[in-house]
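Printed here is target_33.cif (mmCIF, C-alpha atoms):
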data_input
#
loop_
_atom_site.label_atom_id
_atom_site.label_comp_id
_atom_site.auth_asym_id
_atom_site.auth_seq_id
_atom_site.Cartn_x
_atom_site.Cartn_y
_atom_site.Cartn_z
CA MET J 5 0.00 0.00 0.00
CA ASP J 6 1.27 3.48 -0.84
CA TYR J 7 0.97 5.15 2.58
CA GLU J 8 2.47 8.46 1.40
CA LYS J 9 -0.16 8.73 -1.34
CA HIS J 10 -3.04 8.05 1.06
CA TYR J 11 -1.64 10.50 3.60
CA ALA J 12 -1.28 13.20 0.91
CA LEU J 13 -4.86 12.60 -0.28
CA LEU J 14 -6.21 12.80 3.28
CA ILE J 15 -4.41 16.10 3.93
CA ALA J 16 -5.38 17.54 0.52
CA ARG J 17 -9.04 16.73 1.15
CA ALA J 18 -8.92 18.39 4.57
CA LYS J 19 -7.22 21.52 3.18
CA GLN J 20 -9.74 21.87 0.32
CA ARG J 21 -13.01 21.30 2.14
CA GLY J 22 -12.97 24.37 4.40
CA GLU J 23 -14.95 24.43 7.63
CA ILE J 24 -17.07 21.46 8.72
CA GLU J 25 -19.74 21.33 11.37
CA THR J 26 -18.50 18.47 13.51
CA TYR J 27 -15.85 17.90 16.13
CA THR J 28 -12.40 18.50 14.62
CA GLU J 29 -8.77 18.29 15.70
CA ARG J 30 -5.70 20.19 14.54
CA HIS J 31 -3.04 17.98 12.95
CA HIS J 32 0.58 18.85 12.13
CA ILE J 33 1.11 17.80 8.51
CA ILE J 34 4.85 17.53 9.10
CA PRO J 35 4.91 16.28 12.70
CA LYS J 36 6.74 18.40 15.24
CA CYS J 37 8.99 15.44 16.08
CA MET J 38 10.16 15.57 12.45
CA GLY J 39 10.84 19.30 12.41
CA GLY J 40 7.33 20.54 11.60
CA SER J 41 6.17 23.92 12.86
CA ASN J 42 2.97 25.40 14.29
CA ASP J 43 2.53 27.57 11.18
CA ASN J 44 -0.95 27.52 9.64
CA ASP J 45 0.38 26.02 6.41
CA ASN J 46 1.56 22.99 8.44
CA ILE J 47 -1.83 22.49 10.13
CA ALA J 48 -4.77 20.52 8.75
CA VAL J 49 -8.16 20.40 10.43
CA LEU J 50 -9.32 16.78 10.55
CA THR J 51 -12.21 14.87 12.04
CA ALA J 52 -11.15 12.64 14.94
CA ALA J 53 -11.40 9.56 12.72
CA GLU J 54 -9.26 11.19 10.02
CA HIS J 55 -6.75 12.31 12.64
CA TYR J 56 -6.41 8.77 13.94
CA VAL J 57 -5.93 7.40 10.41
CA ALA J 58 -3.37 10.14 9.65
CA HIS J 59 -1.30 9.04 12.64
CA GLN J 60 -1.57 5.39 11.64
CA LEU J 61 -0.30 6.27 8.16
CA LEU J 62 2.56 8.34 9.59
CA VAL J 63 3.67 5.42 11.77
CA LYS J 64 3.54 3.11 8.76
CA MET J 65 5.60 5.62 6.76
CA HIS J 66 8.13 6.27 9.56
CA PRO J 67 8.03 3.27 11.95
CA SER J 68 11.25 4.22 13.75
CA LYS J 69 10.05 7.70 14.78
CA LYS J 70 9.44 7.37 18.50
CA GLY J 71 7.39 10.60 18.68
CA LEU J 72 4.95 9.39 16.01
CA VAL J 73 4.50 6.02 17.66
CA PHE J 74 3.97 7.66 21.06
CA ALA J 75 1.38 10.12 19.70
CA THR J 76 -0.57 7.32 18.03
CA VAL J 77 -0.48 5.15 21.14
CA MET J 78 -1.76 8.08 23.21
CA MET J 79 -4.70 8.36 20.80
CA THR J 80 -5.56 4.70 21.23
CA THR J 81 -5.15 3.95 24.91
CA GLY J 82 -6.54 5.14 28.19
CA LYS J 83 -8.03 3.79 31.38
CA ASN J 84 -11.41 3.25 29.69
CA MET J 85 -9.91 2.00 26.41
CA PRO J 86 -7.69 -1.03 26.96
CA GLY J 87 -5.67 -2.01 23.92
CA ARG J 88 -6.12 -0.41 20.53
CA SER J 89 -9.30 1.20 19.33
CA LYS J 90 -10.78 1.65 15.91
CA ASN J 91 -10.87 5.11 14.39
CA LYS J 92 -14.68 5.42 14.66
CA LEU J 93 -14.54 4.41 18.33
CA TYR J 94 -11.79 6.97 18.91
CA GLU J 95 -13.86 9.67 17.19
CA TRP J 96 -16.96 8.72 19.15
CA LEU J 97 -15.05 8.88 22.46
CA ARG J 98 -13.43 12.22 21.63
CA ILE J 99 -16.78 13.77 20.73
CA ARG J 100 -18.31 12.46 23.97
CA THR J 101 -15.39 13.82 25.97
CA VAL J 102 -15.72 17.29 24.46
CA GLU J 103 -19.50 17.30 24.99
CA THR J 104 -19.08 16.19 28.59
CA LEU J 105 -16.55 18.90 29.34
CA LYS J 106 -18.63 21.53 27.54
CA ASN J 107 -21.76 20.69 29.52
CA ARG J 108 -20.25 20.44 32.98
CA LYS J 109 -21.61 22.84 35.54
CA MET J 110 -19.14 25.04 37.38
CA SER J 111 -19.83 27.83 39.76
CA GLU J 112 -18.36 31.25 39.06
CA LYS J 113 -16.14 30.75 42.11
CA GLN J 114 -14.70 27.51 40.61
CA LYS J 115 -14.14 29.19 37.25
CA HIS J 116 -12.38 32.09 38.96
CA GLN J 117 -10.16 29.73 40.98
CA ILE J 118 -9.12 27.80 37.85
CA ARG J 119 -8.46 31.02 35.93
CA GLU J 120 -6.45 32.44 38.83
CA LYS J 121 -4.46 29.24 39.29
CA ASN J 122 -3.54 29.13 35.60
CA THR J 123 -2.77 32.82 35.07
CA ASN J 124 -1.03 33.65 38.36
CA PRO J 125 0.63 30.52 39.71
CA SER J 126 2.05 30.83 43.19
CA ALA J 127 5.80 30.67 43.75
CA GLU J 128 5.36 27.13 45.08
CA ARG J 129 3.38 26.04 42.02
CA ARG J 130 5.96 27.63 39.67
CA ARG J 131 8.71 25.77 41.54
CA LYS J 132 6.84 22.45 41.19
CA MET J 133 6.21 23.09 37.48
CA SER J 134 9.90 23.83 37.01
CA GLU J 135 10.92 20.69 38.89
CA GLY J 136 8.56 18.63 36.75
CA CYS J 137 10.36 19.83 33.64
CA LYS J 138 13.77 18.99 35.08
CA ARG J 139 12.88 15.51 36.31
CA LYS J 140 13.53 13.73 33.03
CA PRO J 141 16.06 10.97 33.65
CA PRO J 142 19.11 11.03 31.41
CA MET J 143 19.04 8.69 28.46
CA PRO J 144 21.05 5.51 29.19
CA ASP J 145 24.31 5.24 27.22
CA GLU J 146 23.25 1.98 25.56
CA VAL J 147 20.05 3.62 24.22
CA ARG J 148 22.00 6.65 23.05
CA GLN J 149 24.48 4.33 21.26
CA ARG J 150 21.67 2.29 19.66
CA ILE J 151 20.06 5.46 18.29
CA SER J 152 23.41 6.70 17.03
CA ASN J 153 24.07 3.38 15.26
CA THR J 154 20.61 3.45 13.68
CA LEU J 155 21.15 6.93 12.26
CA LYS J 156 24.72 6.36 10.98
CA GLY J 157 24.99 6.65 7.23
CA ARG J 158 21.41 7.80 6.82
CA LYS J 159 20.88 10.52 4.23
CA GLN J 160 18.44 13.29 5.02
CA SER J 161 16.65 15.21 2.31
CA LYS J 162 17.28 18.93 1.92
CA GLU J 163 13.67 19.56 2.96
CA HIS J 164 14.12 17.51 6.15
CA LYS J 165 17.36 19.32 7.01
CA GLU J 166 15.62 22.67 6.45
CA ASN J 167 12.74 21.62 8.74
CA ILE J 168 15.22 20.64 11.44
CA ARG J 169 17.02 23.97 11.08
CA LYS J 170 13.72 25.89 11.35
CA ALA J 171 12.70 23.89 14.42
CA LYS J 172 16.00 24.64 16.13
CA GLU J 173 15.67 28.35 15.33
CA ALA J 174 12.13 28.36 16.71
CA LYS J 175 13.32 26.80 19.97
CA LYS J 176 15.89 29.56 20.39
CA THR J 177 13.21 32.27 20.23
#

Take the structure I supplied and represent it as structure tokens, if you would.
Amino acid sequence: MDYEKHYALLIARAKQRGEIETYTERHHIIPKCMGGSNDNDNIAVLTAAEHYVAHQLLVKMHPSKKGLVFATVMMTTGKNMPGRSKNKLYEWLRIRTVETLKNRKMSEKQKHQIREKNTNPSAERRRKMSEGCKRKPPMPDEVRQRISNTLKGRKQSKEHKENIRKAKEAKKT
């Protein structure tokens, strides 16, 4: 099966159709883990089912990309969804989740507390958030070596190198 062709057709259809009146999700056409940006020309608006299929196609196209595999797994698992789901089930669950969150009742006091907590975090909360970012364990040497060996001798396209350069520049700013 030509996964690249199907992925291109899926994205082209999403770009051409304009707005749709159903639950949608934003999808990075060139995934961020592959140097893609948050620019509008790198975003496609997909239904949940299309989004799930897009990620399946990306994993089939780039099976060694850990970020793609992780993103797809996160779309298919959860405490109420053991194992893998089908794209229609995923879409159905996402729509139900959004509807549930939209319809929940919150007092003005609760809304204010959430807004305040998110916009003006206390010094203690900022410290905890900072610690959470720093807690990543270092990558074991054997894993680092395995990745290095996998990438040795691999040629990257000019487009891929340019995407990597842009991503690095974006991180600096």

**OP:** May I ask which of the residues J:Thr80, J:Ser152, J:Arg130, J:Val49 is the closest one to Arg17 (chain J), counting all atoms listed in the file?
**Re:** J:Val49

Can you find the residues with an atom no farther than 12 Å from (-4.9, 11.1, 3.4), counting only C-alpha atoms, and report them as a CSV table (one decimal) with C-alpha atoms, in the coordinates of the input?
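So result-v3.csv came out as:
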chain,number,residue,atom,x,y,z
J,6,ASP,CA,1.3,3.5,-0.8
J,7,TYR,CA,1.0,5.2,2.6
J,8,GLU,CA,2.5,8.5,1.4
J,9,LYS,CA,-0.2,8.7,-1.3
J,10,HIS,CA,-3.0,8.0,1.1
J,11,TYR,CA,-1.6,10.5,3.6
J,12,ALA,CA,-1.3,13.2,0.9
J,13,LEU,CA,-4.9,12.6,-0.3
J,14,LEU,CA,-6.2,12.8,3.3
J,15,ILE,CA,-4.4,16.1,3.9
J,16,ALA,CA,-5.4,17.5,0.5
J,17,ARG,CA,-9.0,16.7,1.2
J,18,ALA,CA,-8.9,18.4,4.6
J,19,LYS,CA,-7.2,21.5,3.2
J,31,HIS,CA,-3.0,18.0,13.0
J,33,ILE,CA,1.1,17.8,8.5
J,48,ALA,CA,-4.8,20.5,8.8
J,50,LEU,CA,-9.3,16.8,10.6
J,51,THR,CA,-12.2,14.9,12.0
J,53,ALA,CA,-11.4,9.6,12.7
J,54,GLU,CA,-9.3,11.2,10.0
J,55,HIS,CA,-6.8,12.3,12.6
J,56,TYR,CA,-6.4,8.8,13.9
J,57,VAL,CA,-5.9,7.4,10.4
J,58,ALA,CA,-3.4,10.1,9.6
J,59,HIS,CA,-1.3,9.0,12.6
J,60,GLN,CA,-1.6,5.4,11.6
J,61,LEU,CA,-0.3,6.3,8.2
J,62,LEU,CA,2.6,8.3,9.6

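Take CA of Lys172 (chain J) and CA of Asn122 (chain J): the distance between them is 27.9 Å.
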
Original post:
What separation in Å, quoted to one decimal, exists between CA of Leu72 (chain J) and CA of Gly40 (chain J)?
Top reply: 12.2 Å

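Between CA of Asn42 (chain J) and CA of Ser68 (chain J) the interatomic distance comes to 22.7 Å.
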
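Listed by chain and then by number, the residues chosen by the PyMOL selection byres ((chain J and resi 71) around 9) in this file are Pro35, Lys36, Cys37, Met38, Ser68, Lys69, Lys70, Leu72, Val73, Phe74, Ala75 and Thr76 of chain J.
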
Tell me which protein, DNA and RNA residues are within 8 Å of Ala171 (chain J), counting all atoms listed in the file, leaving out same-chain ones fewer than 2 positions away, and put them as an mmCIF file with C-alpha atoms, keeping the file's coordinate frame.
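Dumped everything to result-v2.cif:
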data_model
loop_
_atom_site.group_PDB
_atom_site.id
_atom_site.type_symbol
_atom_site.label_atom_id
_atom_site.label_comp_id
_atom_site.auth_asym_id
_atom_site.auth_seq_id
_atom_site.Cartn_x
_atom_site.Cartn_y
_atom_site.Cartn_z
ATOM 1 C CA GLY J 39 10.840 19.300 12.410
ATOM 2 C CA GLY J 40 7.330 20.540 11.600
ATOM 3 C CA SER J 41 6.170 23.920 12.860
ATOM 4 C CA ASN J 167 12.740 21.620 8.740
ATOM 5 C CA ILE J 168 15.220 20.640 11.440
ATOM 6 C CA ARG J 169 17.020 23.970 11.080
ATOM 7 C CA GLU J 173 15.670 28.350 15.330
ATOM 8 C CA ALA J 174 12.130 28.360 16.710
ATOM 9 C CA LYS J 175 13.320 26.800 19.970
#

Residue completion, region 98-133 of chain J, N, CA and C atoms, as a PDB file, in the frame of the given file:
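So part.pdb came out as:
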ATOM      1  N   ARG J  98     -13.889  10.830  21.592  1.00  0.00           N
ATOM      2  CA  ARG J  98     -13.430  12.220  21.630  1.00  0.00           C
ATOM      3  C   ARG J  98     -14.612  13.179  21.626  1.00  0.00           C
ATOM      4  N   ILE J  99     -15.598  12.905  20.786  1.00  0.00           N
ATOM      5  CA  ILE J  99     -16.780  13.770  20.730  1.00  0.00           C
ATOM      6  C   ILE J  99     -17.500  13.744  22.073  1.00  0.00           C
ATOM      7  N   ARG J 100     -17.654  12.556  22.660  1.00  0.00           N
ATOM      8  CA  ARG J 100     -18.310  12.460  23.970  1.00  0.00           C
ATOM      9  C   ARG J 100     -17.534  13.216  25.055  1.00  0.00           C
ATOM     10  N   THR J 101     -16.221  13.132  24.986  1.00  0.00           N
ATOM     11  CA  THR J 101     -15.390  13.820  25.970  1.00  0.00           C
ATOM     12  C   THR J 101     -15.586  15.332  25.870  1.00  0.00           C
ATOM     13  N   VAL J 102     -15.552  15.853  24.656  1.00  0.00           N
ATOM     14  CA  VAL J 102     -15.720  17.290  24.460  1.00  0.00           C
ATOM     15  C   VAL J 102     -17.107  17.723  24.927  1.00  0.00           C
ATOM     16  N   GLU J 103     -18.136  16.961  24.570  1.00  0.00           N
ATOM     17  CA  GLU J 103     -19.500  17.300  24.990  1.00  0.00           C
ATOM     18  C   GLU J 103     -19.632  17.286  26.504  1.00  0.00           C
ATOM     19  N   THR J 104     -19.029  16.298  27.140  1.00  0.00           N
ATOM     20  CA  THR J 104     -19.080  16.190  28.590  1.00  0.00           C
ATOM     21  C   THR J 104     -18.431  17.398  29.252  1.00  0.00           C
ATOM     22  N   LEU J 105     -17.257  17.759  28.756  1.00  0.00           N
ATOM     23  CA  LEU J 105     -16.550  18.900  29.340  1.00  0.00           C
ATOM     24  C   LEU J 105     -17.285  20.206  29.072  1.00  0.00           C
ATOM     25  N   LYS J 106     -17.898  20.315  27.894  1.00  0.00           N
ATOM     26  CA  LYS J 106     -18.630  21.530  27.540  1.00  0.00           C
ATOM     27  C   LYS J 106     -19.859  21.718  28.435  1.00  0.00           C
ATOM     28  N   ASN J 107     -20.503  20.621  28.782  1.00  0.00           N
ATOM     29  CA  ASN J 107     -21.760  20.690  29.520  1.00  0.00           C
ATOM     30  C   ASN J 107     -21.611  20.615  31.037  1.00  0.00           C
ATOM     31  N   ARG J 108     -20.389  20.543  31.540  1.00  0.00           N
ATOM     32  CA  ARG J 108     -20.250  20.440  32.980  1.00  0.00           C
ATOM     33  C   ARG J 108     -20.595  21.767  33.633  1.00  0.00           C
ATOM     34  N   LYS J 109     -21.175  21.668  34.797  1.00  0.00           N
ATOM     35  CA  LYS J 109     -21.610  22.840  35.540  1.00  0.00           C
ATOM     36  C   LYS J 109     -20.514  23.244  36.524  1.00  0.00           C
ATOM     37  N   MET J 110     -20.133  24.505  36.459  1.00  0.00           N
ATOM     38  CA  MET J 110     -19.140  25.040  37.380  1.00  0.00           C
ATOM     39  C   MET J 110     -19.646  26.359  37.915  1.00  0.00           C
ATOM     40  N   SER J 111     -19.432  26.553  39.181  1.00  0.00           N
ATOM     41  CA  SER J 111     -19.830  27.830  39.760  1.00  0.00           C
ATOM     42  C   SER J 111     -18.842  28.903  39.303  1.00  0.00           C
ATOM     43  N   GLU J 112     -19.251  30.152  39.415  1.00  0.00           N
ATOM     44  CA  GLU J 112     -18.360  31.250  39.060  1.00  0.00           C
ATOM     45  C   GLU J 112     -17.111  31.230  39.932  1.00  0.00           C
ATOM     46  N   LYS J 113     -17.278  30.820  41.189  1.00  0.00           N
ATOM     47  CA  LYS J 113     -16.140  30.750  42.110  1.00  0.00           C
ATOM     48  C   LYS J 113     -15.111  29.718  41.600  1.00  0.00           C
ATOM     49  N   GLN J 114     -15.599  28.533  41.146  1.00  0.00           N
ATOM     50  CA  GLN J 114     -14.700  27.510  40.610  1.00  0.00           C
ATOM     51  C   GLN J 114     -13.985  28.004  39.363  1.00  0.00           C
ATOM     52  N   LYS J 115     -14.733  28.654  38.463  1.00  0.00           N
ATOM     53  CA  LYS J 115     -14.140  29.190  37.250  1.00  0.00           C
ATOM     54  C   LYS J 115     -13.053  30.207  37.586  1.00  0.00           C
ATOM     55  N   HIS J 116     -13.345  31.066  38.545  1.00  0.00           N
ATOM     56  CA  HIS J 116     -12.380  32.090  38.960  1.00  0.00           C
ATOM     57  C   HIS J 116     -11.121  31.439  39.540  1.00  0.00           C
ATOM     58  N   GLN J 117     -11.309  30.408  40.366  1.00  0.00           N
ATOM     59  CA  GLN J 117     -10.160  29.730  40.980  1.00  0.00           C
ATOM     60  C   GLN J 117      -9.272  29.082  39.907  1.00  0.00           C
ATOM     61  N   ILE J 118      -9.889  28.440  38.927  1.00  0.00           N
ATOM     62  CA  ILE J 118      -9.120  27.800  37.850  1.00  0.00           C
ATOM     63  C   ILE J 118      -8.375  28.860  37.047  1.00  0.00           C
ATOM     64  N   ARG J 119      -9.086  29.943  36.680  1.00  0.00           N
ATOM     65  CA  ARG J 119      -8.460  31.020  35.930  1.00  0.00           C
ATOM     66  C   ARG J 119      -7.280  31.615  36.695  1.00  0.00           C
ATOM     67  N   GLU J 120      -7.496  31.859  37.987  1.00  0.00           N
ATOM     68  CA  GLU J 120      -6.450  32.440  38.830  1.00  0.00           C
ATOM     69  C   GLU J 120      -5.254  31.508  38.952  1.00  0.00           C
ATOM     70  N   LYS J 121      -5.526  30.227  39.143  1.00  0.00           N
ATOM     71  CA  LYS J 121      -4.460  29.240  39.290  1.00  0.00           C
ATOM     72  C   LYS J 121      -3.610  29.157  38.025  1.00  0.00           C
ATOM     73  N   ASN J 122      -4.263  29.256  36.864  1.00  0.00           N
ATOM     74  CA  ASN J 122      -3.540  29.130  35.600  1.00  0.00           C
ATOM     75  C   ASN J 122      -2.845  30.410  35.168  1.00  0.00           C
ATOM     76  N   THR J 123      -3.384  31.566  35.532  1.00  0.00           N
ATOM     77  CA  THR J 123      -2.770  32.820  35.070  1.00  0.00           C
ATOM     78  C   THR J 123      -1.755  33.378  36.059  1.00  0.00           C
ATOM     79  N   ASN J 124      -1.949  33.137  37.346  1.00  0.00           N
ATOM     80  CA  ASN J 124      -1.030  33.650  38.360  1.00  0.00           C
ATOM     81  C   ASN J 124      -0.593  32.534  39.302  1.00  0.00           C
ATOM     82  N   PRO J 125       0.232  31.614  38.821  1.00  0.00           N
ATOM     83  CA  PRO J 125       0.630  30.520  39.710  1.00  0.00           C
ATOM     84  C   PRO J 125       1.478  31.043  40.872  1.00  0.00           C
ATOM     85  N   SER J 126       1.281  30.442  42.016  1.00  0.00           N
ATOM     86  CA  SER J 126       2.050  30.830  43.190  1.00  0.00           C
ATOM     87  C   SER J 126       3.514  30.447  42.981  1.00  0.00           C
ATOM     88  N   ALA J 127       4.370  30.997  43.837  1.00  0.00           N
ATOM     89  CA  ALA J 127       5.800  30.670  43.750  1.00  0.00           C
ATOM     90  C   ALA J 127       5.998  29.169  43.928  1.00  0.00           C
ATOM     91  N   GLU J 128       5.241  28.569  44.835  1.00  0.00           N
ATOM     92  CA  GLU J 128       5.360  27.130  45.080  1.00  0.00           C
ATOM     93  C   GLU J 128       4.944  26.332  43.846  1.00  0.00           C
ATOM     94  N   ARG J 129       3.847  26.742  43.222  1.00  0.00           N
ATOM     95  CA  ARG J 129       3.380  26.040  42.020  1.00  0.00           C
ATOM     96  C   ARG J 129       4.385  26.201  40.869  1.00  0.00           C
ATOM     97  N   ARG J 130       4.948  27.405  40.708  1.00  0.00           N
ATOM     98  CA  ARG J 130       5.960  27.630  39.670  1.00  0.00           C
ATOM     99  C   ARG J 130       7.175  26.734  39.916  1.00  0.00           C
ATOM    100  N   ARG J 131       7.562  26.603  41.198  1.00  0.00           N
ATOM    101  CA  ARG J 131       8.710  25.770  41.540  1.00  0.00           C
ATOM    102  C   ARG J 131       8.422  24.313  41.169  1.00  0.00           C
ATOM    103  N   LYS J 132       7.212  23.832  41.508  1.00  0.00           N
ATOM    104  CA  LYS J 132       6.840  22.450  41.190  1.00  0.00           C
ATOM    105  C   LYS J 132       6.795  22.228  39.681  1.00  0.00           C
ATOM    106  N   MET J 133       6.274  23.208  38.943  1.00  0.00           N
ATOM    107  CA  MET J 133       6.210  23.090  37.480  1.00  0.00           C
ATOM    108  C   MET J 133       7.636  23.026  36.914  1.00  0.00           C
TER     109      MET J 133
END
